[in-house]
file input37.csv (CSV, C-alpha atoms (C1' of nucleotides))
chain,number,residue,atom,x,y,z
B,1,MET,CA,-13.0,-27.5,17.7
B,2,LYS,CA,-16.1,-27.3,19.8
B,3,PRO,CA,-19.1,-27.9,17.7
B,4,ALA,CA,-20.9,-25.1,19.4
B,5,ARG,CA,-18.8,-22.5,17.7
B,6,LYS,CA,-20.3,-21.3,14.5
B,7,LYS,CA,-18.5,-20.8,11.3
B,8,GLY,CA,-18.8,-17.0,11.3
B,9,GLN,CA,-17.3,-16.7,14.7
B,10,THR,CA,-14.2,-18.7,13.8
B,11,ALA,CA,-13.7,-16.6,10.7
B,12,LYS,CA,-14.0,-13.5,12.8
B,13,LEU,CA,-11.5,-14.7,15.3
B,14,ARG,CA,-9.1,-15.5,12.5
B,15,SER,CA,-9.6,-12.3,10.7
B,16,ALA,CA,-8.4,-10.4,13.8
B,17,ALA,CA,-4.8,-11.2,13.0
B,18,PHE,CA,-5.0,-9.9,9.4
B,19,ARG,CA,-6.8,-6.8,10.6
B,20,ARG,CA,-4.0,-6.1,13.0
B,21,ILE,CA,-1.4,-6.6,10.3
B,22,ARG,CA,-3.1,-4.1,8.0
B,23,ALA,CA,-3.3,-1.7,10.9
B,24,ASP,CA,0.3,-2.3,11.7
B,25,HIS,CA,1.3,-1.5,8.1
B,26,GLN,CA,-0.4,1.8,8.2
B,27,THR,CA,1.6,2.9,11.2
B,28,GLU,CA,4.8,1.2,10.2
B,29,LEU,CA,5.9,3.7,7.7
B,30,ALA,CA,5.2,6.6,10.0
B,31,GLY,CA,7.3,4.8,12.7
B,32,ASP,CA,10.1,4.3,10.3
B,33,TYR,CA,10.2,7.9,9.3
B,34,VAL,CA,10.1,9.4,12.8
B,35,GLU,CA,12.7,6.9,14.1
B,36,LEU,CA,15.0,7.8,11.2
B,37,ILE,CA,14.4,11.5,11.7
B,38,ALA,CA,15.2,11.1,15.4
B,39,ASP,CA,18.4,9.3,14.6
B,40,LEU,CA,19.5,12.0,12.2
B,41,ILE,CA,18.8,14.8,14.6
B,42,ASP,CA,20.8,13.0,17.3
B,43,GLU,CA,23.7,12.2,15.0
B,44,ARG,CA,23.9,15.4,13.0
B,45,GLY,CA,21.8,17.9,14.8
B,46,ALA,CA,19.3,18.1,12.0
B,47,ALA,CA,17.3,15.9,9.6
B,48,ARG,CA,17.3,16.8,5.9
B,49,GLY,CA,14.9,15.3,3.3
B,50,THR,CA,17.9,14.0,1.3
B,51,ASP,CA,19.3,12.0,4.2
B,52,VAL,CA,15.9,10.5,4.9
B,53,ALA,CA,15.5,9.6,1.3
B,54,MET,CA,18.9,8.0,1.1
B,55,ARG,CA,18.5,5.9,4.2
B,56,LEU,CA,15.1,4.7,3.3
B,57,GLY,CA,16.2,4.1,-0.3
B,58,VAL,CA,13.4,6.1,-1.9
B,59,ALA,CA,13.2,9.2,-4.1
B,60,ASN,CA,13.2,12.7,-2.7
B,61,ALA,CA,9.7,13.3,-3.9
B,62,THR,CA,8.4,10.3,-2.0
B,63,VAL,CA,9.8,11.7,1.2
B,64,VAL,CA,8.1,15.1,0.6
B,65,LYS,CA,4.8,13.4,0.2
B,66,ALA,CA,5.2,11.2,3.3
B,67,LEU,CA,6.3,14.2,5.4
B,68,LYS,CA,3.1,16.0,4.4
B,69,ARG,CA,1.1,13.1,5.7
B,70,LEU,CA,3.2,13.0,8.9
B,71,GLN,CA,2.6,16.7,9.4
B,72,ASP,CA,-1.1,16.2,9.0
B,73,ALA,CA,-0.8,13.4,11.6
B,74,GLY,CA,0.9,15.8,14.0
B,75,LEU,CA,4.2,13.9,14.1
B,76,VAL,CA,6.6,16.4,12.4
B,77,THR,CA,6.8,20.1,11.7
B,78,GLN,CA,8.5,21.7,8.8
B,79,GLU,CA,8.8,24.9,6.9
B,80,PRO,CA,9.5,25.0,3.2
B,81,TYR,CA,13.1,24.4,2.3
B,82,ARG,CA,14.0,23.9,5.9
B,83,ALA,CA,15.0,21.0,8.1
B,84,ILE,CA,12.5,18.6,9.6
B,85,PHE,CA,11.6,18.5,13.3
B,86,LEU,CA,9.6,16.1,15.4
B,87,THR,CA,6.6,17.1,17.6
B,88,GLY,CA,6.1,15.8,21.1
B,89,ASP,CA,4.0,13.0,19.6
B,90,GLY,CA,6.7,12.4,17.0
B,91,TRP,CA,9.4,11.9,19.6
B,92,LYS,CA,7.2,9.6,21.6
B,93,LEU,CA,6.6,7.4,18.6
B,94,ALA,CA,10.3,7.5,17.7
B,95,GLU,CA,11.3,6.5,21.2
B,96,ASP,CA,8.8,3.7,21.3
B,97,GLY,CA,10.2,2.4,18.0
B,98,ARG,CA,13.7,2.6,19.2
B,99,ARG,CA,12.8,0.7,22.4
B,100,LYS,CA,11.1,-2.1,20.4
B,101,HIS,CA,13.9,-2.2,17.9
B,102,LYS,CA,16.5,-2.5,20.6
B,103,ILE,CA,14.8,-5.4,22.2
B,104,VAL,CA,14.1,-7.3,19.0
B,105,GLU,CA,17.6,-6.8,17.6
B,106,GLY,CA,19.3,-7.7,20.9
B,107,PHE,CA,17.1,-10.7,21.2
B,108,LEU,CA,18.0,-12.0,17.7
B,109,LEU,CA,21.6,-11.6,18.5
B,110,ALA,CA,21.2,-13.5,21.8
B,111,LEU,CA,19.4,-16.2,19.8
B,112,GLY,CA,22.5,-16.7,17.7
B,113,VAL,CA,21.6,-14.8,14.6
B,114,GLY,CA,24.4,-12.9,12.8
B,115,ALA,CA,24.7,-9.1,13.2
B,116,ALA,CA,23.8,-8.2,9.7
B,117,THR,CA,20.7,-10.4,9.6
B,118,ALA,CA,19.7,-9.3,13.1
B,119,ARG,CA,19.7,-5.7,11.9
B,120,ILE,CA,17.7,-6.4,8.8
B,121,ASP,CA,15.2,-8.8,10.3
B,122,SER,CA,14.6,-6.7,13.4
B,123,GLU,CA,13.6,-3.8,11.2
B,124,GLY,CA,10.9,-5.9,9.7
B,125,ILE,CA,9.8,-7.6,12.8
B,126,GLU,CA,9.7,-4.6,15.1
B,127,HIS,CA,6.3,-3.4,13.9
B,128,HIS,CA,4.6,-6.8,14.3
B,129,VAL,CA,5.4,-7.8,17.9
B,130,SER,CA,2.9,-7.3,20.7
B,131,GLU,CA,4.0,-6.1,24.1
B,132,GLU,CA,3.5,-9.6,25.4
B,133,THR,CA,6.1,-11.0,22.9
B,134,LEU,CA,8.4,-8.1,23.7
B,135,ARG,CA,8.3,-9.0,27.4
B,136,ALA,CA,9.1,-12.6,26.5
B,137,MET,CA,12.0,-11.5,24.4
B,138,ALA,CA,13.3,-9.2,27.2
B,139,ARG,CA,13.0,-12.0,29.7
B,140,PHE,CA,15.1,-14.3,27.5
B,141,LEU,CA,17.6,-11.5,27.0
B,142,ALA,CA,17.9,-11.0,30.7
B,143,ARG,CA,18.7,-14.7,31.2
B,144,ASN,CA,21.0,-15.1,28.2
B,145,GLY,CA,23.4,-12.2,28.6
B,146,GLY,CA,21.9,-9.2,26.8
W,147,MET,CA,32.4,4.4,12.6
W,148,LYS,CA,35.5,4.0,10.5
W,149,PRO,CA,36.3,7.4,9.0
W,150,ALA,CA,37.2,5.8,5.7
W,151,ARG,CA,33.5,4.8,5.0
W,152,LYS,CA,31.7,7.5,3.1
W,153,LYS,CA,28.3,8.8,3.9
W,154,GLY,CA,26.7,7.5,0.8
W,155,GLN,CA,27.8,4.0,1.5
W,156,THR,CA,26.5,3.9,5.0
W,157,ALA,CA,23.2,5.1,3.8
W,158,LYS,CA,23.1,2.5,1.1
W,159,LEU,CA,23.8,-0.2,3.6
W,160,ARG,CA,21.0,1.0,5.9
W,161,SER,CA,18.5,1.4,3.1
W,162,ALA,CA,18.9,-2.3,2.3
W,163,ALA,CA,16.7,-3.2,5.3
W,164,PHE,CA,14.0,-0.9,4.2
W,165,ARG,CA,14.2,-2.1,0.6
W,166,ARG,CA,13.7,-5.6,1.8
W,167,ILE,CA,10.7,-4.7,3.9
W,168,ARG,CA,9.0,-3.0,1.0
W,169,ALA,CA,9.7,-6.1,-1.1
W,170,ASP,CA,8.4,-8.3,1.6
W,171,HIS,CA,5.2,-6.3,1.8
W,172,GLN,CA,4.6,-6.9,-1.9
W,173,THR,CA,4.8,-10.7,-1.5
W,174,GLU,CA,3.1,-10.8,1.8
W,175,LEU,CA,-0.4,-10.4,0.6
W,176,ALA,CA,0.0,-13.0,-2.0
W,177,GLY,CA,1.4,-15.4,0.6
W,178,ASP,CA,-1.5,-14.8,2.9
W,179,TYR,CA,-4.0,-15.5,0.2
W,180,VAL,CA,-2.5,-18.7,-1.0
W,181,GLU,CA,-2.0,-20.0,2.5
W,182,LEU,CA,-5.6,-19.3,3.3
W,183,ILE,CA,-6.8,-20.9,0.1
W,184,ALA,CA,-4.7,-24.0,0.8
W,185,ASP,CA,-6.2,-24.2,4.3
W,186,LEU,CA,-9.7,-23.9,3.0
W,187,ILE,CA,-9.2,-26.6,0.3
W,188,ASP,CA,-7.7,-28.9,2.9
W,189,GLU,CA,-10.5,-28.2,5.4
W,190,ARG,CA,-13.5,-28.1,3.2
W,191,GLY,CA,-12.4,-29.4,-0.2
W,192,ALA,CA,-12.9,-26.1,-1.9
W,193,ALA,CA,-12.1,-22.4,-1.4
W,194,ARG,CA,-14.8,-19.9,-2.0
W,195,GLY,CA,-14.4,-16.1,-2.3
W,196,THR,CA,-16.7,-15.5,0.7
W,197,ASP,CA,-14.7,-17.7,3.0
W,198,VAL,CA,-11.5,-16.0,2.0
W,199,ALA,CA,-13.0,-12.6,2.5
W,200,MET,CA,-14.4,-13.5,5.9
W,201,ARG,CA,-11.1,-14.9,7.2
W,202,LEU,CA,-9.1,-12.0,5.9
W,203,GLY,CA,-11.7,-9.6,7.2
W,204,VAL,CA,-12.0,-7.7,3.9
W,205,ALA,CA,-14.9,-7.1,1.5
W,206,ASN,CA,-15.8,-9.6,-1.2
W,207,ALA,CA,-14.9,-7.2,-4.0
W,208,THR,CA,-11.4,-6.8,-2.5
W,209,VAL,CA,-10.9,-10.5,-2.8
W,210,VAL,CA,-12.0,-10.5,-6.4
W,211,LYS,CA,-9.5,-7.9,-7.3
W,212,ALA,CA,-6.7,-9.6,-5.4
W,213,LEU,CA,-7.4,-12.9,-7.0
W,214,LYS,CA,-7.2,-11.3,-10.4
W,215,ARG,CA,-3.7,-10.2,-9.5
W,216,LEU,CA,-2.8,-13.7,-8.2
W,217,GLN,CA,-4.1,-15.2,-11.4
W,218,ASP,CA,-1.9,-12.9,-13.4
W,219,ALA,CA,1.0,-13.9,-11.2
W,220,GLY,CA,0.3,-17.6,-11.9
W,221,LEU,CA,-0.6,-18.6,-8.4
W,222,VAL,CA,-4.3,-19.4,-8.7
W,223,THR,CA,-6.7,-20.5,-11.4
W,224,GLN,CA,-10.4,-19.6,-11.4
W,225,GLU,CA,-13.4,-19.5,-13.7
W,226,PRO,CA,-16.2,-17.0,-13.2
W,227,TYR,CA,-18.6,-17.9,-10.4
W,228,ARG,CA,-16.5,-21.0,-9.6
W,229,ALA,CA,-14.3,-22.1,-6.7
W,230,ILE,CA,-10.6,-21.1,-6.5
W,231,PHE,CA,-7.7,-23.4,-7.1
W,232,LEU,CA,-4.0,-23.1,-6.6
W,233,THR,CA,-1.4,-23.7,-9.3
W,234,GLY,CA,1.8,-25.6,-8.7
W,235,ASP,CA,3.5,-22.4,-7.8
W,236,GLY,CA,0.6,-21.4,-5.6
W,237,TRP,CA,0.9,-24.6,-3.6
W,238,LYS,CA,4.7,-24.2,-3.3
W,239,LEU,CA,4.2,-20.7,-1.9
W,240,ALA,CA,1.4,-21.8,0.4
W,241,GLU,CA,3.6,-24.7,1.7
W,242,ASP,CA,6.5,-22.3,2.3
W,243,GLY,CA,4.2,-20.0,4.2
W,244,ARG,CA,2.9,-22.8,6.4
W,245,ARG,CA,6.4,-24.0,7.1
W,246,LYS,CA,7.5,-20.5,8.3
W,247,HIS,CA,4.3,-20.0,10.1
W,248,LYS,CA,4.7,-23.2,12.0
W,249,ILE,CA,8.2,-22.5,13.1
W,250,VAL,CA,7.5,-18.9,14.2
W,251,GLU,CA,4.3,-19.8,16.1
W,252,GLY,CA,5.9,-22.8,17.8
W,253,PHE,CA,8.9,-20.7,18.7
W,254,LEU,CA,6.8,-18.0,20.3
W,255,LEU,CA,5.0,-20.6,22.3
W,256,ALA,CA,8.2,-22.1,23.4
W,257,LEU,CA,9.4,-18.6,24.4
W,258,GLY,CA,6.5,-18.4,26.8
W,259,VAL,CA,4.1,-16.3,24.8
W,260,GLY,CA,0.4,-17.1,25.2
W,261,ALA,CA,-1.4,-19.1,22.5
W,262,ALA,CA,-3.6,-16.2,21.3
W,263,THR,CA,-0.8,-13.8,21.0
W,264,ALA,CA,1.5,-16.4,19.4
W,265,ARG,CA,-1.1,-16.9,16.7
W,266,ILE,CA,-1.6,-13.3,16.0
W,267,ASP,CA,2.1,-12.2,16.2
W,268,SER,CA,3.3,-15.1,14.1
W,269,GLU,CA,1.0,-14.1,11.3
W,270,GLY,CA,2.7,-10.7,11.2
W,271,ILE,CA,6.3,-11.9,11.8
W,272,GLU,CA,6.2,-14.8,9.4
W,273,HIS,CA,6.9,-12.6,6.3
W,274,HIS,CA,9.8,-10.8,7.8
W,275,VAL,CA,12.1,-13.5,9.0
W,276,SER,CA,15.1,-14.6,7.0
W,277,GLU,CA,16.1,-18.2,6.7
W,278,GLU,CA,18.9,-17.6,9.1
W,279,THR,CA,16.5,-16.4,11.8
W,280,LEU,CA,14.2,-19.3,11.1
W,281,ARG,CA,17.1,-21.7,11.6
W,282,ALA,CA,17.9,-20.1,14.9
W,283,MET,CA,14.3,-20.4,15.9
W,284,ALA,CA,14.2,-24.1,14.9
W,285,ARG,CA,17.3,-24.7,16.9
W,286,PHE,CA,15.8,-23.2,20.0
W,287,LEU,CA,12.7,-25.1,19.5
W,288,ALA,CA,14.6,-28.4,19.2
W,289,ARG,CA,16.3,-27.7,22.5
W,290,ASN,CA,13.3,-26.4,24.4
W,291,GLY,CA,10.7,-29.0,23.7
W,292,GLY,CA,8.9,-28.0,20.5
F,293,DG,C1',-39.8,-25.2,-12.9
F,294,DG,C1',-39.6,-21.0,-10.5
F,295,DC,C1',-38.0,-18.0,-6.8
F,296,DA,C1',-35.4,-16.5,-3.0
F,297,DA,C1',-31.1,-16.6,-0.9
F,298,DA,C1',-26.3,-16.9,-1.2
F,299,DG,C1',-22.3,-15.9,-3.7
F,300,DT,C1',-19.7,-13.4,-7.4
F,301,DT,C1',-18.6,-9.8,-10.3
F,302,DT,C1',-18.4,-5.0,-12.1
F,303,DA,C1',-18.1,-0.1,-11.7
F,304,DG,C1',-16.5,3.6,-9.5
F,305,DC,C1',-14.2,5.9,-5.8
F,306,DA,C1',-10.3,7.0,-2.2
F,307,DT,C1',-5.8,6.6,-0.1
F,308,DT,C1',-1.1,5.2,0.1
F,309,DG,C1',3.3,5.0,-1.5
F,310,DG,C1',6.3,4.6,-5.3
F,311,DC,C1',8.5,7.1,-9.6
F,312,DT,C1',10.6,10.9,-13.1
F,313,DA,C1',11.1,15.4,-14.8
F,314,DA,C1',11.0,20.2,-14.2
F,315,DA,C1',11.0,24.3,-11.4
F,316,DC,C1',12.4,26.6,-7.6
F,317,DT,C1',15.4,28.0,-3.3
F,318,DA,C1',19.4,28.1,-0.4
F,319,DT,C1',24.2,27.8,0.1
F,320,DA,C1',28.9,27.8,-0.8
F,321,DT,C1',32.7,29.2,-3.6
F,322,DG,C1',35.4,31.9,-6.7
G,323,DC,C1',28.2,39.5,-5.6
G,324,DA,C1',27.4,36.2,-9.1
G,325,DT,C1',26.9,31.8,-10.2
G,326,DA,C1',27.2,26.8,-9.7
G,327,DT,C1',25.8,23.1,-6.9
G,328,DA,C1',23.0,21.0,-3.6
G,329,DG,C1',18.6,20.4,-1.8
G,330,DT,C1',13.5,20.9,-2.0
G,331,DT,C1',9.2,21.1,-4.0
G,332,DT,C1',5.5,20.6,-7.6
G,333,DA,C1',3.2,18.2,-11.1
G,334,DG,C1',1.7,14.3,-13.1
G,335,DC,C1',2.0,9.5,-13.6
G,336,DC,C1',1.2,4.4,-12.0
G,337,DA,C1',-0.1,0.2,-9.1
G,338,DA,C1',-1.9,-1.8,-5.0
G,339,DT,C1',-5.3,-2.3,-1.6
G,340,DG,C1',-9.2,-1.0,0.5
G,341,DC,C1',-14.5,0.3,0.2
G,342,DT,C1',-19.9,0.5,-1.3
G,343,DA,C1',-23.6,-0.2,-4.3
G,344,DA,C1',-25.6,-2.4,-8.0
G,345,DA,C1',-25.9,-6.2,-11.3
G,346,DC,C1',-25.5,-10.8,-12.3
G,347,DT,C1',-25.1,-16.2,-11.5
G,348,DT,C1',-25.7,-20.3,-8.9
G,349,DT,C1',-28.0,-23.1,-5.8
G,350,DG,C1',-31.3,-24.9,-2.9
G,351,DC,C1',-36.0,-25.5,-1.8
G,352,DC,C1',-41.0,-25.7,-2.4
call {"tool": "encode", "arguments": {"input": "input37.csv", "output": "structure tokens"}}
result
Amino acid sequence: MKPARKKGQTAKLRSAAFRRIRADHQTELAGDYVELIADLIDERGAARGTDVAMRLGVANATVVKALKRLQDAGLVTQEPYRAIFLTGDGWKLAEDGRRKHKIVEGFLLALGVGAATARIDSEGIEHHVSEETLRAMARFLARNGG
Amino acid sequence: MKPARKKGQTAKLRSAAFRRIRADHQTELAGDYVELIADLIDERGAARGTDVAMRLGVANATVVKALKRLQDAGLVTQEPYRAIFLTGDGWKLAEDGRRKHKIVEGFLLALGVGAATARIDSEGIEHHVSEETLRAMARFLARNGG
DNA sequence: GGCAAAGTTTAGCATTGGCTAAACTATATG
DNA sequence: CATATAGTTTAGCCAATGCTAAACTTTGCC
């Protein structure tokens, strides 16, 4: 450590990581929802609240509340008692999630992690990797048979 | 997809990942606190609320509240207006966090990620990697000059 | 010893993300 | 077409994590 650096600055630098984690957590749930909704639309033509609740492992009422927030955020649209749709922004976020997810999961598989673990871990890691790390993973993947 | 597998079972399998992420998030904050407190004790001989607050980038009052929860959880001890100590369980959790952190950060560096990004990303990833993935990372590290 | 600065705690508020139970709507079937 | 079942929503609860402002202790210095 250079002696010129003051205590407060070190702390500020360190706190950046934690600040980003808290920020990530805020967008994480939204990302999981829209990604899931996108999957359901692609698989079945429509996304229903019950399906979302089952896949996330939460109660129906929890989904209703979350969807209200996502609607306020301009990511989904919805009419009472009807299916759920994604807005343009919603699709964009979902696609971005899928992209990251695919890289991370493929990377873990290439690293030698088992399929079940790769699926579970990638879901958690996906929201905490920077673009720089994603590039490094993609590079590795390209070299080691992705 | 095998047609024999029912819808509900698929959903249950998928929801496992999200359930684990939610569980991880609950322990994540506790892990960050004790790891930080351990670092402060090692670096300066004592951990003060202000230092914790600065490094985490949160307000003092937030730390007080969190410490109360950690005390209830048996991870730290504390007397009013005095420094913070870790219990045996607290040290165990802190050590485990440091171990994971070291592996993940070293791994990212070996992957070719820059130092600053490795530090930040590892902080977020650390709480979402299974032991299996950690082993794979350690293996890679052993082979590629860790 | 007394006072100012630094650190800690309390009080009170907001948001997020969970839950259950009860009420309501849509749909499918007899 | 009437009704049962499936799905959705509302209401009301709780805990966690953040904040600011004000009150209180400790500490360091003259």
call {"tool": "closest_atom_pairs", "arguments": {"input": "input37.csv", "of": "chain W", "to": "chain B", "cutoff": "7 Å", "atoms": "all atoms listed in the file", "output": "tab-separated table"}}
result
residue	atom	partner	partner_atom	distance
W:Ala157	CA	B:Arg55	CA	4.8
W:Lys158	CA	B:Arg55	CA	6.5
W:Arg160	CA	B:Arg55	CA	5.8
W:Ser161	CA	B:Arg55	CA	4.6
W:Ala163	CA	B:Ile120	CA	4.8
W:Phe164	CA	B:Leu56	CA	5.8
W:Arg165	CA	B:Gly57	CA	6.6
W:Ile167	CA	B:Gly124	CA	5.9
W:Met200	CA	B:Ala11	CA	5.8
W:Arg201	CA	B:Ser15	CA	4.6
W:Leu202	CA	B:Ser15	CA	4.8
W:Gly203	CA	B:Ser15	CA	4.9
W:Leu257	CA	B:Ala136	CA	6.4
W:Gly258	CA	B:Ala136	CA	6.4
W:Val259	CA	B:Thr133	CA	6.0
W:Ile266	CA	B:Ala17	CA	4.9
W:Asp267	CA	B:Val129	CA	5.8
W:Glu269	CA	B:Ala17	CA	6.7
W:Gly270	CA	B:His128	CA	5.3
W:Ile271	CA	B:Ile125	CA	5.6
W:His274	CA	B:Gly124	CA	5.4
W:Val275	CA	B:Asp121	CA	5.8
W:Ser276	CA	B:Asp121	CA	6.7
W:Glu278	CA	B:Val113	CA	6.7
W:Thr279	CA	B:Val113	CA	6.0
W:Ala282	CA	B:Gly112	CA	6.4
call {"tool": "write_last_selection", "arguments": {"input": "input37.csv", "atoms": "C-alpha atoms", "output": "PDB file, keeping the file's coordinate frame"}}
result
ATOM      1  CA  ALA W 157      23.200   5.100   3.800  1.00  0.00           C
ATOM      2  CA  LYS W 158      23.100   2.500   1.100  1.00  0.00           C
ATOM      3  CA  ARG W 160      21.000   1.000   5.900  1.00  0.00           C
ATOM      4  CA  SER W 161      18.500   1.400   3.100  1.00  0.00           C
ATOM      5  CA  ALA W 163      16.700  -3.200   5.300  1.00  0.00           C
ATOM      6  CA  PHE W 164      14.000  -0.900   4.200  1.00  0.00           C
ATOM      7  CA  ARG W 165      14.200  -2.100   0.600  1.00  0.00           C
ATOM      8  CA  ILE W 167      10.700  -4.700   3.900  1.00  0.00           C
ATOM      9  CA  MET W 200     -14.400 -13.500   5.900  1.00  0.00           C
ATOM     10  CA  ARG W 201     -11.100 -14.900   7.200  1.00  0.00           C
ATOM     11  CA  LEU W 202      -9.100 -12.000   5.900  1.00  0.00           C
ATOM     12  CA  GLY W 203     -11.700  -9.600   7.200  1.00  0.00           C
ATOM     13  CA  LEU W 257       9.400 -18.600  24.400  1.00  0.00           C
ATOM     14  CA  GLY W 258       6.500 -18.400  26.800  1.00  0.00           C
ATOM     15  CA  VAL W 259       4.100 -16.300  24.800  1.00  0.00           C
ATOM     16  CA  ILE W 266      -1.600 -13.300  16.000  1.00  0.00           C
ATOM     17  CA  ASP W 267       2.100 -12.200  16.200  1.00  0.00           C
ATOM     18  CA  GLU W 269       1.000 -14.100  11.300  1.00  0.00           C
ATOM     19  CA  GLY W 270       2.700 -10.700  11.200  1.00  0.00           C
ATOM     20  CA  ILE W 271       6.300 -11.900  11.800  1.00  0.00           C
ATOM     21  CA  HIS W 274       9.800 -10.800   7.800  1.00  0.00           C
ATOM     22  CA  VAL W 275      12.100 -13.500   9.000  1.00  0.00           C
ATOM     23  CA  SER W 276      15.100 -14.600   7.000  1.00  0.00           C
ATOM     24  CA  GLU W 278      18.900 -17.600   9.100  1.00  0.00           C
ATOM     25  CA  THR W 279      16.500 -16.400  11.800  1.00  0.00           C
ATOM     26  CA  ALA W 282      17.900 -20.100  14.900  1.00  0.00           C
TER      27      ALA W 282
END
call {"tool": "closest_residue", "arguments": {"input": "input37.csv", "among": "G:DA333, G:DA324, G:DC346, G:DC352", "to": "chain W", "atoms": "all atoms listed in the file"}}
result
G:DC346
call {"tool": "atom_distance", "arguments": {"input": "input37.csv", "atom1": "atom CA of B:Ala110", "atom2": "atom CA of B:Asn144"}}
result
6.6 Å
call {"tool": "atom_distance", "arguments": {"input": "input37.csv", "atom1": "atom CA of B:Leu141", "atom2": "atom CA of B:Gly31"}}
result
24.0 Å
call {"tool": "residues_around", "arguments": {"input": "input37.csv", "residues": "F:DA313", "least_positions_apart": "5", "cutoff": "12 Å", "atoms": "all atoms listed in the file", "output": "PyMOL selection string"}}
result
(chain B and resi 61) or (chain G and resi 332-335)
call {"tool": "interface_residues", "arguments": {"input": "input37.csv", "of": "chain F", "to": "chain W", "cutoff": "12 Å", "atoms": "all atoms listed in the file", "output": "count of residues only"}}
result
8
call {"tool": "closest_atom_pairs", "arguments": {"input": "input37.csv", "of": "chain G", "to": "chain B", "cutoff": "12 Å", "atoms": "all atoms listed in the file", "output": "CSV"}}
result
residue,atom,partner,partner_atom,distance
G:DA328,C1',B:Thr50,CA,10.0
G:DG329,C1',B:Thr50,CA,7.1
G:DT330,C1',B:Tyr81,CA,5.6
G:DT331,C1',B:Val64,CA,7.6
G:DT332,C1',B:Ala61,CA,9.2
G:DA333,C1',B:Ala61,CA,10.9
G:DT339,C1',B:Arg22,CA,10.0
G:DG340,C1',B:Arg22,CA,10.2
call {"tool": "atom_distance", "arguments": {"input": "input37.csv", "atom1": "atom CA of W:Arg245", "atom2": "atom CA of B:Glu105"}}
result
23.1 Å
call {"tool": "axis_aligned_box", "arguments": {"input": "input37.csv", "around": "stretch 24-27 of chain B", "padding_each_side": "8 Å", "output": "lines of an AutoDock Vina configuration file"}}
result
center_x = 0.6
center_y = 0.3
center_z = 9.9
size_x = 18.0
size_y = 21.2
size_z = 19.6
call {"tool": "residues_around", "arguments": {"input": "input37.csv", "residues": "W:Ala284", "least_positions_apart": "5", "cutoff": "9 Å", "atoms": "all atoms listed in the file", "output": "ChimeraX atom specification"}}
result
/W:249-250,252-253,279,289,292
